[in-house]
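Colleague: For reference, this is run.pdb, and it has PDB, C-alpha atoms, pLDDT in the B column.
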```pdb
ATOM      1  CA  MET A   1     -15.668 -19.093  20.312  1.00 52.00           C
ATOM      2  CA  GLY A   2     -18.404 -19.576  22.896  1.00 54.00           C
ATOM      3  CA  GLY A   3     -18.924 -23.345  22.618  1.00 56.00           C
ATOM      4  CA  VAL A   4     -18.870 -25.981  25.346  1.00 67.00           C
ATOM      5  CA  SER A   5     -15.293 -26.859  24.377  1.00 80.00           C
ATOM      6  CA  ASP A   6     -13.828 -23.438  25.121  1.00 96.00           C
ATOM      7  CA  ILE A   7     -10.309 -23.582  26.593  1.00 97.00           C
ATOM      8  CA  VAL A   8      -8.851 -21.001  28.959  1.00 97.00           C
ATOM      9  CA  ARG A   9      -5.221 -20.176  29.616  1.00 98.00           C
ATOM     10  CA  PHE A  10      -3.855 -17.552  31.994  1.00 98.00           C
ATOM     11  CA  GLU A  11      -0.565 -15.727  31.517  1.00 97.00           C
ATOM     12  CA  ILE A  12       1.297 -13.213  33.672  1.00 97.00           C
ATOM     13  CA  ALA A  13       3.190 -10.719  31.552  1.00 95.00           C
ATOM     14  CA  PRO A  14       4.991  -7.366  31.975  1.00 92.00           C
ATOM     15  CA  GLU A  15       2.839  -4.242  31.776  1.00 88.00           C
ATOM     16  CA  ARG A  16       4.099  -0.653  31.710  1.00 80.00           C
ATOM     17  CA  TYR A  17       1.597   0.910  34.125  1.00 74.00           C
ATOM     18  CA  ARG A  18       1.422  -1.678  36.897  1.00 71.00           C
ATOM     19  CA  ASP A  19       4.557  -3.718  36.030  1.00 88.00           C
ATOM     20  CA  PHE A  20       2.611  -6.983  35.605  1.00 94.00           C
ATOM     21  CA  GLN A  21      -0.759  -7.990  34.212  1.00 95.00           C
ATOM     22  CA  LEU A  22      -2.734 -11.219  34.172  1.00 96.00           C
ATOM     23  CA  ARG A  23      -3.798 -11.894  30.599  1.00 96.00           C
ATOM     24  CA  VAL A  24      -6.586 -14.288  29.665  1.00 97.00           C
ATOM     25  CA  HIS A  25      -6.538 -16.449  26.546  1.00 97.00           C
ATOM     26  CA  VAL A  26      -9.694 -18.195  25.360  1.00 96.00           C
ATOM     27  CA  ASN A  27      -9.169 -20.721  22.574  1.00 95.00           C
ATOM     28  CA  ASP A  28      -5.686 -19.249  22.037  1.00 93.00           C
ATOM     29  CA  VAL A  29      -7.078 -15.729  21.542  1.00 92.00           C
ATOM     30  CA  GLU A  30      -5.780 -13.152  24.037  1.00 94.00           C
ATOM     31  CA  ILE A  31      -9.021 -11.534  25.149  1.00 92.00           C
ATOM     32  CA  THR A  32      -7.906  -8.998  27.770  1.00 92.00           C
ATOM     33  CA  SER A  33      -6.702  -6.572  25.090  1.00 89.00           C
ATOM     34  CA  ALA A  34      -9.773  -7.418  23.007  1.00 88.00           C
ATOM     35  CA  GLY A  35     -11.846  -6.200  25.946  1.00 89.00           C
ATOM     36  CA  ALA A  36     -11.031  -3.043  27.893  1.00 82.00           C
ATOM     37  CA  GLY A  37      -7.311  -3.114  27.123  1.00 86.00           C
ATOM     38  CA  ILE A  38      -4.970  -4.518  29.784  1.00 91.00           C
ATOM     39  CA  GLY A  39      -5.188  -7.319  32.322  1.00 93.00           C
ATOM     40  CA  ARG A  40      -5.463  -6.732  36.049  1.00 92.00           C
ATOM     41  CA  ASP A  41      -2.496  -6.796  38.395  1.00 93.00           C
ATOM     42  CA  PRO A  42      -2.022 -10.492  39.287  1.00 95.00           C
ATOM     43  CA  HIS A  43      -2.149  -9.780  43.025  1.00 93.00           C
ATOM     44  CA  HIS A  44      -5.570  -8.156  42.637  1.00 92.00           C
ATOM     45  CA  LEU A  45      -6.892 -11.423  41.253  1.00 96.00           C
ATOM     46  CA  LEU A  46      -4.851 -13.967  43.219  1.00 96.00           C
ATOM     47  CA  LEU A  47      -4.360 -12.469  46.721  1.00 92.00           C
ATOM     48  CA  PRO A  48      -5.441 -13.084  49.362  1.00 90.00           C
ATOM     49  CA  ASP A  49      -7.873 -15.445  47.593  1.00 93.00           C
ATOM     50  CA  ASN A  50      -7.840 -16.642  44.003  1.00 97.00           C
ATOM     51  CA  LEU A  51     -10.855 -14.841  42.519  1.00 97.00           C
ATOM     52  CA  LEU A  52     -10.744 -17.025  39.403  1.00 98.00           C
ATOM     53  CA  VAL A  53     -11.933 -20.073  41.367  1.00 98.00           C
ATOM     54  CA  ALA A  54     -15.403 -21.074  40.176  1.00 98.00           C
ATOM     55  CA  THR A  55     -18.153 -21.925  42.665  1.00 97.00           C
ATOM     56  CA  GLU A  56     -21.907 -22.366  42.396  1.00 97.00           C
ATOM     57  CA  GLU A  57     -22.233 -18.863  43.855  1.00 97.00           C
ATOM     58  CA  PRO A  58     -21.708 -16.437  40.937  1.00 98.00           C
ATOM     59  CA  ARG A  59     -18.764 -14.079  41.406  1.00 97.00           C
ATOM     60  CA  GLU A  60     -18.212 -10.886  39.421  1.00 97.00           C
ATOM     61  CA  VAL A  61     -14.524 -10.329  38.641  1.00 96.00           C
ATOM     62  CA  VAL A  62     -12.723  -7.485  36.875  1.00 93.00           C
ATOM     63  CA  ILE A  63     -10.610  -9.084  34.131  1.00 93.00           C
ATOM     64  CA  ALA A  64      -9.371  -6.017  32.251  1.00 91.00           C
ATOM     65  CA  THR A  65      -9.276  -2.234  32.492  1.00 90.00           C
ATOM     66  CA  CYS A  66      -8.529   0.554  30.065  1.00 81.00           C
ATOM     67  CA  GLU A  67      -4.884   1.070  29.140  1.00 74.00           C
ATOM     68  CA  CYS A  68      -4.587   3.981  31.581  1.00 64.00           C
ATOM     69  CA  GLY A  69      -5.146   1.437  34.357  1.00 58.00           C
ATOM     70  CA  GLU A  70      -8.263   3.110  35.790  1.00 60.00           C
ATOM     71  CA  TYR A  71     -11.249   0.851  36.459  1.00 59.00           C
ATOM     72  CA  GLY A  72     -13.832   3.591  35.953  1.00 63.00           C
ATOM     73  CA  CYS A  73     -12.401   4.639  32.583  1.00 71.00           C
ATOM     74  CA  GLY A  74     -13.020   1.300  30.901  1.00 77.00           C
ATOM     75  CA  ARG A  75     -13.444  -2.251  32.106  1.00 85.00           C
ATOM     76  CA  THR A  76     -14.217  -5.830  31.192  1.00 91.00           C
ATOM     77  CA  ASP A  77     -15.896  -7.758  33.981  1.00 93.00           C
ATOM     78  CA  VAL A  78     -17.009 -11.347  33.982  1.00 95.00           C
ATOM     79  CA  THR A  79     -19.421 -13.343  36.125  1.00 98.00           C
ATOM     80  CA  ILE A  80     -17.801 -16.702  36.928  1.00 98.00           C
ATOM     81  CA  VAL A  81     -20.138 -19.523  37.936  1.00 98.00           C
ATOM     82  CA  ARG A  82     -19.910 -23.316  38.169  1.00 98.00           C
ATOM     83  CA  GLU A  83     -22.831 -25.188  36.605  1.00 96.00           C
ATOM     84  CA  ALA A  84     -22.474 -28.928  37.231  1.00 92.00           C
ATOM     85  CA  ASP A  85     -19.515 -30.069  35.091  1.00 95.00           C
ATOM     86  CA  ILE A  86     -18.931 -26.740  33.326  1.00 97.00           C
ATOM     87  CA  VAL A  87     -17.712 -23.284  34.293  1.00 98.00           C
ATOM     88  CA  ARG A  88     -19.418 -20.367  32.587  1.00 97.00           C
ATOM     89  CA  TRP A  89     -18.017 -16.881  32.068  1.00 97.00           C
ATOM     90  CA  LYS A  90     -20.722 -14.292  31.375  1.00 97.00           C
ATOM     91  CA  TRP A  91     -19.193 -11.115  29.945  1.00 95.00           C
ATOM     92  CA  LEU A  92     -20.105  -7.686  31.272  1.00 91.00           C
ATOM     93  CA  TYR A  93     -19.418  -4.207  29.876  1.00 88.00           C
ATOM     94  CA  GLU A  94     -16.658  -4.103  27.228  1.00 87.00           C
ATOM     95  CA  LYS A  95     -17.152  -7.646  25.966  1.00 90.00           C
ATOM     96  CA  PRO A  96     -14.228  -9.326  24.185  1.00 91.00           C
ATOM     97  CA  MET A  97     -16.468 -12.130  22.896  1.00 91.00           C
ATOM     98  CA  LYS A  98     -20.014 -12.213  21.562  1.00 90.00           C
ATOM     99  CA  ASP A  99     -21.102 -15.265  23.582  1.00 93.00           C
ATOM    100  CA  ASP A 100     -20.445 -16.623  27.058  1.00 95.00           C
ATOM    101  CA  ALA A 101     -17.295 -18.709  27.407  1.00 96.00           C
ATOM    102  CA  VAL A 102     -18.048 -22.244  28.616  1.00 97.00           C
ATOM    103  CA  PHE A 103     -15.235 -24.415  29.949  1.00 97.00           C
ATOM    104  CA  ASP A 104     -14.938 -28.006  31.082  1.00 97.00           C
ATOM    105  CA  ALA A 105     -14.888 -27.659  34.886  1.00 97.00           C
ATOM    106  CA  GLU A 106     -12.008 -30.073  35.519  1.00 97.00           C
ATOM    107  CA  ALA A 107      -9.780 -28.458  32.897  1.00 97.00           C
ATOM    108  CA  TYR A 108     -10.701 -25.003  34.173  1.00 98.00           C
ATOM    109  CA  ASP A 109      -9.888 -25.947  37.769  1.00 98.00           C
ATOM    110  CA  ARG A 110      -6.472 -27.269  36.732  1.00 98.00           C
ATOM    111  CA  GLU A 111      -5.602 -24.035  34.945  1.00 98.00           C
ATOM    112  CA  VAL A 112      -6.767 -21.865  37.859  1.00 98.00           C
ATOM    113  CA  GLU A 113      -4.715 -23.964  40.273  1.00 98.00           C
ATOM    114  CA  ARG A 114      -1.692 -23.733  37.976  1.00 98.00           C
ATOM    115  CA  ILE A 115      -1.719 -19.937  37.713  1.00 98.00           C
ATOM    116  CA  GLY A 116      -2.395 -19.587  41.429  1.00 97.00           C
ATOM    117  CA  GLY A 117       0.692 -21.649  42.220  1.00 97.00           C
ATOM    118  CA  ASP A 118       3.016 -20.136  39.592  1.00 97.00           C
ATOM    119  CA  PHE A 119       5.480 -17.812  41.330  1.00 96.00           C
ATOM    120  CA  SER A 120       8.144 -17.895  38.597  1.00 96.00           C
ATOM    121  CA  TRP A 121       7.311 -14.350  37.478  1.00 95.00           C
ATOM    122  CA  GLU A 122       7.660 -12.750  40.911  1.00 95.00           C
ATOM    123  CA  THR A 123      10.216 -10.071  41.726  1.00 94.00           C
ATOM    124  CA  PRO A 124      11.607 -10.097  45.311  1.00 95.00           C
ATOM    125  CA  ASP A 125       9.039  -7.439  46.317  1.00 94.00           C
ATOM    126  CA  ARG A 126       6.210  -9.507  44.845  1.00 95.00           C
ATOM    127  CA  THR A 127       7.382 -12.585  46.721  1.00 97.00           C
ATOM    128  CA  ALA A 128       7.543 -10.626  49.976  1.00 97.00           C
ATOM    129  CA  ALA A 129       4.037  -9.253  49.345  1.00 96.00           C
ATOM    130  CA  ARG A 130       2.605 -12.734  48.779  1.00 96.00           C
ATOM    131  CA  LEU A 131       4.229 -13.996  51.981  1.00 97.00           C
ATOM    132  CA  VAL A 132       2.877 -11.002  53.906  1.00 96.00           C
ATOM    133  CA  PHE A 133      -0.657 -11.749  52.730  1.00 95.00           C
ATOM    134  CA  ALA A 134      -0.229 -15.375  53.804  1.00 95.00           C
ATOM    135  CA  GLY A 135       1.373 -14.475  57.142  1.00 95.00           C
ATOM    136  CA  LEU A 136      -1.341 -11.973  58.008  1.00 93.00           C
ATOM    137  CA  ALA A 137      -4.238 -14.210  57.018  1.00 87.00           C
ATOM    138  CA  GLY A 138      -7.269 -13.072  58.953  1.00 82.00           C
ATOM    139  CA  ARG A 139      -6.132  -9.442  58.855  1.00 84.00           C
ATOM    140  CA  LYS A 140      -7.376  -6.979  56.273  1.00 87.00           C
ATOM    141  CA  VAL A 141      -4.261  -6.405  54.153  1.00 92.00           C
ATOM    142  CA  VAL A 142      -5.186  -3.810  51.534  1.00 91.00           C
ATOM    143  CA  TRP A 143      -1.914  -3.975  49.606  1.00 91.00           C
ATOM    144  CA  ALA A 144       1.784  -4.660  49.993  1.00 94.00           C
ATOM    145  CA  GLY A 145       4.752  -3.874  47.781  1.00 93.00           C
ATOM    146  CA  ALA A 146       7.500  -1.513  46.778  1.00 90.00           C
ATOM    147  CA  ASP A 147       7.471   2.155  47.752  1.00 89.00           C
ATOM    148  CA  TRP A 148       7.740   3.814  44.334  1.00 84.00           C
ATOM    149  CA  GLU A 149       9.081   7.076  45.754  1.00 89.00           C
ATOM    150  CA  HIS A 150      11.623   5.418  48.063  1.00 90.00           C
ATOM    151  CA  PRO A 151      12.928   2.223  46.417  1.00 84.00           C
ATOM    152  CA  GLU A 152      14.801   1.202  49.568  1.00 89.00           C
ATOM    153  CA  ARG A 153      11.484   0.792  51.385  1.00 94.00           C
ATOM    154  CA  PHE A 154       8.696  -1.778  51.356  1.00 96.00           C
ATOM    155  CA  GLN A 155       5.148  -0.724  52.243  1.00 96.00           C
ATOM    156  CA  VAL A 156       2.167  -2.535  53.678  1.00 96.00           C
ATOM    157  CA  CYS A 157      -1.324  -1.076  54.016  1.00 95.00           C
ATOM    158  CA  VAL A 158      -3.529  -2.749  56.611  1.00 93.00           C
ATOM    159  CA  GLU A 159      -6.922  -1.975  58.058  1.00 91.00           C
ATOM    160  CA  ASN A 160      -6.806  -1.444  61.821  1.00 83.00           C
ATOM    161  CA  ALA A 161      -9.403  -2.367  64.429  1.00 80.00           C
ATOM    162  CA  HIS A 162     -11.206   0.943  63.828  1.00 85.00           C
ATOM    163  CA  GLY A 163     -11.581   0.333  60.089  1.00 87.00           C
ATOM    164  CA  ARG A 164      -8.902   2.865  59.155  1.00 91.00           C
ATOM    165  CA  GLU A 165      -6.256   2.064  56.553  1.00 94.00           C
ATOM    166  CA  VAL A 166      -2.732   2.463  57.943  1.00 91.00           C
ATOM    167  CA  VAL A 167       0.454   2.345  55.879  1.00 93.00           C
ATOM    168  CA  GLU A 168       3.534   0.786  57.476  1.00 93.00           C
ATOM    169  CA  HIS A 169       7.048   1.305  56.037  1.00 94.00           C
ATOM    170  CA  PHE A 170       9.892  -1.198  56.258  1.00 96.00           C
ATOM    171  CA  HIS A 171      13.520  -0.873  55.179  1.00 92.00           C
ATOM    172  CA  ARG A 172      14.814  -3.837  53.213  1.00 88.00           C
ATOM    173  CA  GLU A 173      18.266  -3.700  54.851  1.00 87.00           C
ATOM    174  CA  GLY A 174      19.601  -6.474  52.613  1.00 91.00           C
ATOM    175  CA  ARG A 175      16.949  -8.932  53.762  1.00 95.00           C
ATOM    176  CA  SER A 176      15.649 -11.703  51.537  1.00 97.00           C
ATOM    177  CA  PRO A 177      11.929 -11.637  50.625  1.00 97.00           C
ATOM    178  CA  GLU A 178      11.318 -14.313  53.263  1.00 97.00           C
ATOM    179  CA  GLU A 179      13.173 -12.353  55.955  1.00 97.00           C
ATOM    180  CA  LEU A 180      11.416  -9.117  55.021  1.00 97.00           C
ATOM    181  CA  ALA A 181       7.981 -10.737  55.102  1.00 97.00           C
ATOM    182  CA  ARG A 182       8.757 -12.329  58.456  1.00 96.00           C
ATOM    183  CA  ALA A 183       9.737  -8.915  59.890  1.00 95.00           C
ATOM    184  CA  VAL A 184       6.515  -7.353  58.575  1.00 95.00           C
ATOM    185  CA  VAL A 185       4.316 -10.090  60.005  1.00 95.00           C
ATOM    186  CA  GLU A 186       6.079 -10.014  63.376  1.00 94.00           C
ATOM    187  CA  LYS A 187       5.836  -6.220  63.730  1.00 92.00           C
ATOM    188  CA  ILE A 188       2.175  -5.975  62.748  1.00 90.00           C
ATOM    189  CA  GLY A 189       1.436  -8.977  64.971  1.00 82.00           C
ATOM    190  CA  ARG A 190       3.039  -7.189  67.937  1.00 80.00           C
ATOM    191  CA  GLU A 191       0.963  -4.101  67.234  1.00 74.00           C
ATOM    192  CA  ASP A 192      -2.192  -6.212  67.148  1.00 66.00           C
ATOM    193  CA  ARG A 193      -1.311  -7.585  70.581  1.00 59.00           C
ATOM    194  CA  GLY A 194      -0.795  -4.086  71.944  1.00 54.00           C
ATOM    195  CA  ALA A 195       2.973  -4.271  72.390  1.00 43.00           C
ATOM    196  CA  GLU A 196       3.320  -1.120  70.278  1.00 47.00           C
ATOM    197  CA  PRO A 197       0.762   1.565  69.364  1.00 43.00           C
ATOM    198  CA  PHE A 198      -1.087   0.928  66.135  1.00 37.00           C
ATOM    199  CA  ALA A 199      -2.667   4.077  64.720  1.00 33.00           C
TER     200      ALA A 199
END
```
Rewrite the structure from the file as C-alpha cells, please.
Modeller:
Amino acid sequence: MGGVSDIVRFEIAPERYRDFQLRVHVNDVEITSAGAGIGRDPHHLLLPDNLLVATEEPREVVIATCECGEYGCGRTDVTIVREADIVRWKWLYEKPMKDDAVFDAEAYDREVERIGGDFSWETPDRTAARLVFAGLAGRKVVWAGADWEHPERFQVCVENAHGREVVEHFHREGRSPEELARAVVEKIGREDRGAEPFA
C-alpha cells in the first residue's frame, strides 16, 4: 500500500456504540479498525458538508476513534489534500498504514460523491436528521436525531444568536421523516423570525 495507484472505498456499516460507522477501505484493506478501532458516525463526516471532499487547502479529518467511541482516548486522523491530479492522505496519530495513501483524483472524487449521495442505510431518524441539516442550511445545527431516553421524541441541537446551544424536542406523532423534518425546520424558522421565544 502507499503507491500512486491506491484505491479507496467507503462503507457505512452498523456499529454497537453509535449505531453506524463509516469504514474506509484502501486497496481492499479495511483500515479504520487497523487504526484507532472504529469509524466515525457517518453524519459527523458527511453533514452538513462532506469532509471527505479533497481541495488544495489541506483539511484534517478524524477517520477513526477508539472502540469506546471517545476521540481523546484514541484516534486516527488524516490530512486530505488535492495535489494536481492526485489526492493524498497523510496519516496522523494511530496510523493504519506506513506510508501516505495516494489516489487518482477523478476516481477519488467519484467515490466521495457516491458515499455522500448514498442514503440506502438510513433509518427514518437518520433521514429526518439529514433533511433538517439541509433545511436549516446557514444555521449552526450541532446535531439532530433520536432521543435515546424517550424513543417517541426527536431532538435537534442548534446554536442560537447568542452562541448558546439549545436542544429542541419534537414528537414524531406518526409523521414520516419528511414531515418531521419539515415541522422542525418550520418551528426553528419561526423562532428565528421572533414569532416565538428562542432561548
Colleague: With all atoms listed in the file as the atoms that count, which of A:Met97, A:Ile7, A:Ala105, A:Ala128 lies nearest to Thr55 (chain A)?
Modeller: A:Ala105
Colleague: Would you kindly translate the PyMOL selection byres ((chain A and resi 57-62) around 12) into the concrete residues it picks from this file, as a ChimeraX atom specification?
Modeller: /A:22-24,32,35-42,44-46,50-56,63-66,69-72,74-83,87-95
Colleague: Go ahead and write the selection's residues with C-alpha atoms as an mmCIF file, keeping the file's coordinate frame.
Modeller:
```cif
data_model
loop_
_atom_site.group_PDB
_atom_site.id
_atom_site.type_symbol
_atom_site.label_atom_id
_atom_site.label_comp_id
_atom_site.auth_asym_id
_atom_site.auth_seq_id
_atom_site.Cartn_x
_atom_site.Cartn_y
_atom_site.Cartn_z
ATOM 1 C CA LEU A 22 -2.734 -11.219 34.172
ATOM 2 C CA ARG A 23 -3.798 -11.894 30.599
ATOM 3 C CA VAL A 24 -6.586 -14.288 29.665
ATOM 4 C CA THR A 32 -7.906 -8.998 27.770
ATOM 5 C CA GLY A 35 -11.846 -6.200 25.946
ATOM 6 C CA ALA A 36 -11.031 -3.043 27.893
ATOM 7 C CA GLY A 37 -7.311 -3.114 27.123
ATOM 8 C CA ILE A 38 -4.970 -4.518 29.784
ATOM 9 C CA GLY A 39 -5.188 -7.319 32.322
ATOM 10 C CA ARG A 40 -5.463 -6.732 36.049
ATOM 11 C CA ASP A 41 -2.496 -6.796 38.395
ATOM 12 C CA PRO A 42 -2.022 -10.492 39.287
ATOM 13 C CA HIS A 44 -5.570 -8.156 42.637
ATOM 14 C CA LEU A 45 -6.892 -11.423 41.253
ATOM 15 C CA LEU A 46 -4.851 -13.967 43.219
ATOM 16 C CA ASN A 50 -7.840 -16.642 44.003
ATOM 17 C CA LEU A 51 -10.855 -14.841 42.519
ATOM 18 C CA LEU A 52 -10.744 -17.025 39.403
ATOM 19 C CA VAL A 53 -11.933 -20.073 41.367
ATOM 20 C CA ALA A 54 -15.403 -21.074 40.176
ATOM 21 C CA THR A 55 -18.153 -21.925 42.665
ATOM 22 C CA GLU A 56 -21.907 -22.366 42.396
ATOM 23 C CA ILE A 63 -10.610 -9.084 34.131
ATOM 24 C CA ALA A 64 -9.371 -6.017 32.251
ATOM 25 C CA THR A 65 -9.276 -2.234 32.492
ATOM 26 C CA CYS A 66 -8.529 0.554 30.065
ATOM 27 C CA GLY A 69 -5.146 1.437 34.357
ATOM 28 C CA GLU A 70 -8.263 3.110 35.790
ATOM 29 C CA TYR A 71 -11.249 0.851 36.459
ATOM 30 C CA GLY A 72 -13.832 3.591 35.953
ATOM 31 C CA GLY A 74 -13.020 1.300 30.901
ATOM 32 C CA ARG A 75 -13.444 -2.251 32.106
ATOM 33 C CA THR A 76 -14.217 -5.830 31.192
ATOM 34 C CA ASP A 77 -15.896 -7.758 33.981
ATOM 35 C CA VAL A 78 -17.009 -11.347 33.982
ATOM 36 C CA THR A 79 -19.421 -13.343 36.125
ATOM 37 C CA ILE A 80 -17.801 -16.702 36.928
ATOM 38 C CA VAL A 81 -20.138 -19.523 37.936
ATOM 39 C CA ARG A 82 -19.910 -23.316 38.169
ATOM 40 C CA GLU A 83 -22.831 -25.188 36.605
ATOM 41 C CA VAL A 87 -17.712 -23.284 34.293
ATOM 42 C CA ARG A 88 -19.418 -20.367 32.587
ATOM 43 C CA TRP A 89 -18.017 -16.881 32.068
ATOM 44 C CA LYS A 90 -20.722 -14.292 31.375
ATOM 45 C CA TRP A 91 -19.193 -11.115 29.945
ATOM 46 C CA LEU A 92 -20.105 -7.686 31.272
ATOM 47 C CA TYR A 93 -19.418 -4.207 29.876
ATOM 48 C CA GLU A 94 -16.658 -4.103 27.228
ATOM 49 C CA LYS A 95 -17.152 -7.646 25.966
#
```
Colleague: Which residues, named as in the file, does the PyMOL selection byres ((chain A and resi 144-161) around 9) pick out? Answer as a PyMOL selection string.
Modeller: chain A and resi 125-126+128-130+132-133+139-143+162-173+180+184+188+192+198-199
Colleague: Generate the output file for the selected residues, C-alpha atoms, as a PDB file, in the frame of the given file.
Modeller:
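What ended up in again.pdb:
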```pdb
ATOM      1  CA  ASP A 125       9.039  -7.439  46.317  1.00 94.00           C
ATOM      2  CA  ARG A 126       6.210  -9.507  44.845  1.00 95.00           C
ATOM      3  CA  ALA A 128       7.543 -10.626  49.976  1.00 97.00           C
ATOM      4  CA  ALA A 129       4.037  -9.253  49.345  1.00 96.00           C
ATOM      5  CA  ARG A 130       2.605 -12.734  48.779  1.00 96.00           C
ATOM      6  CA  VAL A 132       2.877 -11.002  53.906  1.00 96.00           C
ATOM      7  CA  PHE A 133      -0.657 -11.749  52.730  1.00 95.00           C
ATOM      8  CA  ARG A 139      -6.132  -9.442  58.855  1.00 84.00           C
ATOM      9  CA  LYS A 140      -7.376  -6.979  56.273  1.00 87.00           C
ATOM     10  CA  VAL A 141      -4.261  -6.405  54.153  1.00 92.00           C
ATOM     11  CA  VAL A 142      -5.186  -3.810  51.534  1.00 91.00           C
ATOM     12  CA  TRP A 143      -1.914  -3.975  49.606  1.00 91.00           C
ATOM     13  CA  HIS A 162     -11.206   0.943  63.828  1.00 85.00           C
ATOM     14  CA  GLY A 163     -11.581   0.333  60.089  1.00 87.00           C
ATOM     15  CA  ARG A 164      -8.902   2.865  59.155  1.00 91.00           C
ATOM     16  CA  GLU A 165      -6.256   2.064  56.553  1.00 94.00           C
ATOM     17  CA  VAL A 166      -2.732   2.463  57.943  1.00 91.00           C
ATOM     18  CA  VAL A 167       0.454   2.345  55.879  1.00 93.00           C
ATOM     19  CA  GLU A 168       3.534   0.786  57.476  1.00 93.00           C
ATOM     20  CA  HIS A 169       7.048   1.305  56.037  1.00 94.00           C
ATOM     21  CA  PHE A 170       9.892  -1.198  56.258  1.00 96.00           C
ATOM     22  CA  HIS A 171      13.520  -0.873  55.179  1.00 92.00           C
ATOM     23  CA  ARG A 172      14.814  -3.837  53.213  1.00 88.00           C
ATOM     24  CA  GLU A 173      18.266  -3.700  54.851  1.00 87.00           C
ATOM     25  CA  LEU A 180      11.416  -9.117  55.021  1.00 97.00           C
ATOM     26  CA  VAL A 184       6.515  -7.353  58.575  1.00 95.00           C
ATOM     27  CA  ILE A 188       2.175  -5.975  62.748  1.00 90.00           C
ATOM     28  CA  ASP A 192      -2.192  -6.212  67.148  1.00 66.00           C
ATOM     29  CA  PHE A 198      -1.087   0.928  66.135  1.00 37.00           C
ATOM     30  CA  ALA A 199      -2.667   4.077  64.720  1.00 33.00           C
TER      31      ALA A 199
END
```
Colleague: Identify which of the residues A:Ile86, A:Ala13, A:Ala101, A:Leu131 lies closest to Asn27 (chain A), counting all atoms listed in the file when measuring atom-to-atom distances.
Modeller: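 Nearest to Asn27 (chain A): A:Ala101.
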Colleague: Please provide the set of residues having any atom within 8 Å of Gly135 (chain A), restricted to only C-alpha atoms, with same-chain residues fewer than 5 positions apart removed, written as a list in words.
Modeller: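 That gives Ala181, Arg182 and Val185 of chain A.
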Colleague: Please measure the separation of CA of Tyr17 (chain A) and CA of Glu67 (chain A), giving the value in Å to one decimal.
Modeller: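 Between CA of Tyr17 (chain A) and CA of Glu67 (chain A) the gap works out to 8.2 Å.
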Colleague: Could you tell me which of A:Val102, A:Pro48, A:Pro124, A:Arg110 comes closest to Ala137 (chain A) if we count all atoms listed in the file?
Modeller: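 Among the listed residues, A:Pro48 lies closest to Ala137 (chain A).
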Colleague: Would you compute the distance between CA of His43 (chain A) and CA of Glu186 (chain A)? Give it in Å to one decimal.
Modeller: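 Computed distance, CA of His43 (chain A) to CA of Glu186 (chain A), equals 22.0 Å.
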Colleague: Between CA of Ser5 (chain A) and CA of Val26 (chain A), what is the spacing in Å?
Modeller: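 Separation of CA of Val26 (chain A) and CA of Ser5 (chain A): 10.4 Å.
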Colleague: Using all atoms listed in the file for the distances, tell me which of A:Trp121, A:Arg175, A:Glu111, A:Gly189 is nearest to Phe20 (chain A).
Modeller: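 Ranked by minimum distance to Phe20 (chain A), first place goes to A:Trp121.
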Colleague: Which residue is closest to Glu15 (chain A)? Choose from A:Asp28, A:Ser33, A:Ile115, A:Glu191 and count all atoms listed in the file.
Modeller: A:Ser33
Colleague: Supply region 89-98 of chain A as a PDB file, in the coordinates of the input, with N, CA, C and O atoms built in where the input has gaps.
Modeller:
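The new file rebuild-v1.pdb reads:
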```
ATOM      1  N   TRP A  89     -18.391 -18.288  31.929  1.00 97.00           N
ATOM      2  CA  TRP A  89     -18.017 -16.881  32.068  1.00 97.00           C
ATOM      3  C   TRP A  89     -19.041 -16.056  31.292  1.00 97.00           C
ATOM      4  O   TRP A  89     -19.141 -16.171  30.068  1.00 97.00           O
ATOM      5  N   LYS A  90     -19.763 -15.194  32.009  1.00 97.00           N
ATOM      6  CA  LYS A  90     -20.722 -14.292  31.375  1.00 97.00           C
ATOM      7  C   LYS A  90     -20.085 -12.898  31.316  1.00 97.00           C
ATOM      8  O   LYS A  90     -19.771 -12.319  32.350  1.00 97.00           O
ATOM      9  N   TRP A  91     -19.905 -12.370  30.124  1.00 95.00           N
ATOM     10  CA  TRP A  91     -19.193 -11.115  29.945  1.00 95.00           C
ATOM     11  C   TRP A  91     -20.062  -9.920  30.301  1.00 95.00           C
ATOM     12  O   TRP A  91     -21.253  -9.892  30.017  1.00 95.00           O
ATOM     13  N   LEU A  92     -19.428  -8.925  30.914  1.00 91.00           N
ATOM     14  CA  LEU A  92     -20.105  -7.686  31.272  1.00 91.00           C
ATOM     15  C   LEU A  92     -19.314  -6.503  30.723  1.00 91.00           C
ATOM     16  O   LEU A  92     -18.086  -6.541  30.668  1.00 91.00           O
ATOM     17  N   TYR A  93     -20.026  -5.460  30.337  1.00 88.00           N
ATOM     18  CA  TYR A  93     -19.418  -4.207  29.876  1.00 88.00           C
ATOM     19  C   TYR A  93     -18.639  -4.411  28.578  1.00 88.00           C
ATOM     20  O   TYR A  93     -19.202  -4.937  27.636  1.00 88.00           O
ATOM     21  N   GLU A  94     -17.384  -4.040  28.501  1.00 87.00           N
ATOM     22  CA  GLU A  94     -16.658  -4.103  27.228  1.00 87.00           C
ATOM     23  C   GLU A  94     -16.320  -5.562  26.904  1.00 87.00           C
ATOM     24  O   GLU A  94     -15.281  -6.076  27.305  1.00 87.00           O
ATOM     25  N   LYS A  95     -17.230  -6.202  26.178  1.00 90.00           N
ATOM     26  CA  LYS A  95     -17.152  -7.646  25.966  1.00 90.00           C
ATOM     27  C   LYS A  95     -16.131  -7.996  24.886  1.00 90.00           C
ATOM     28  O   LYS A  95     -16.200  -7.469  23.776  1.00 90.00           O
ATOM     29  N   PRO A  96     -15.212  -8.912  25.190  1.00 91.00           N
ATOM     30  CA  PRO A  96     -14.228  -9.326  24.185  1.00 91.00           C
ATOM     31  C   PRO A  96     -14.746 -10.442  23.274  1.00 91.00           C
ATOM     32  O   PRO A  96     -14.126 -10.763  22.270  1.00 91.00           O
ATOM     33  N   MET A  97     -15.871 -11.036  23.653  1.00 91.00           N
ATOM     34  CA  MET A  97     -16.468 -12.130  22.896  1.00 91.00           C
ATOM     35  C   MET A  97     -17.978 -11.910  22.816  1.00 91.00           C
ATOM     36  O   MET A  97     -18.569 -11.349  23.739  1.00 91.00           O
ATOM     37  N   LYS A  98     -18.571 -12.373  21.742  1.00 90.00           N
ATOM     38  CA  LYS A  98     -20.014 -12.213  21.562  1.00 90.00           C
ATOM     39  C   LYS A  98     -20.803 -13.067  22.554  1.00 90.00           C
ATOM     40  O   LYS A  98     -21.790 -12.620  23.135  1.00 90.00           O
TER      41      LYS A  98
END
```
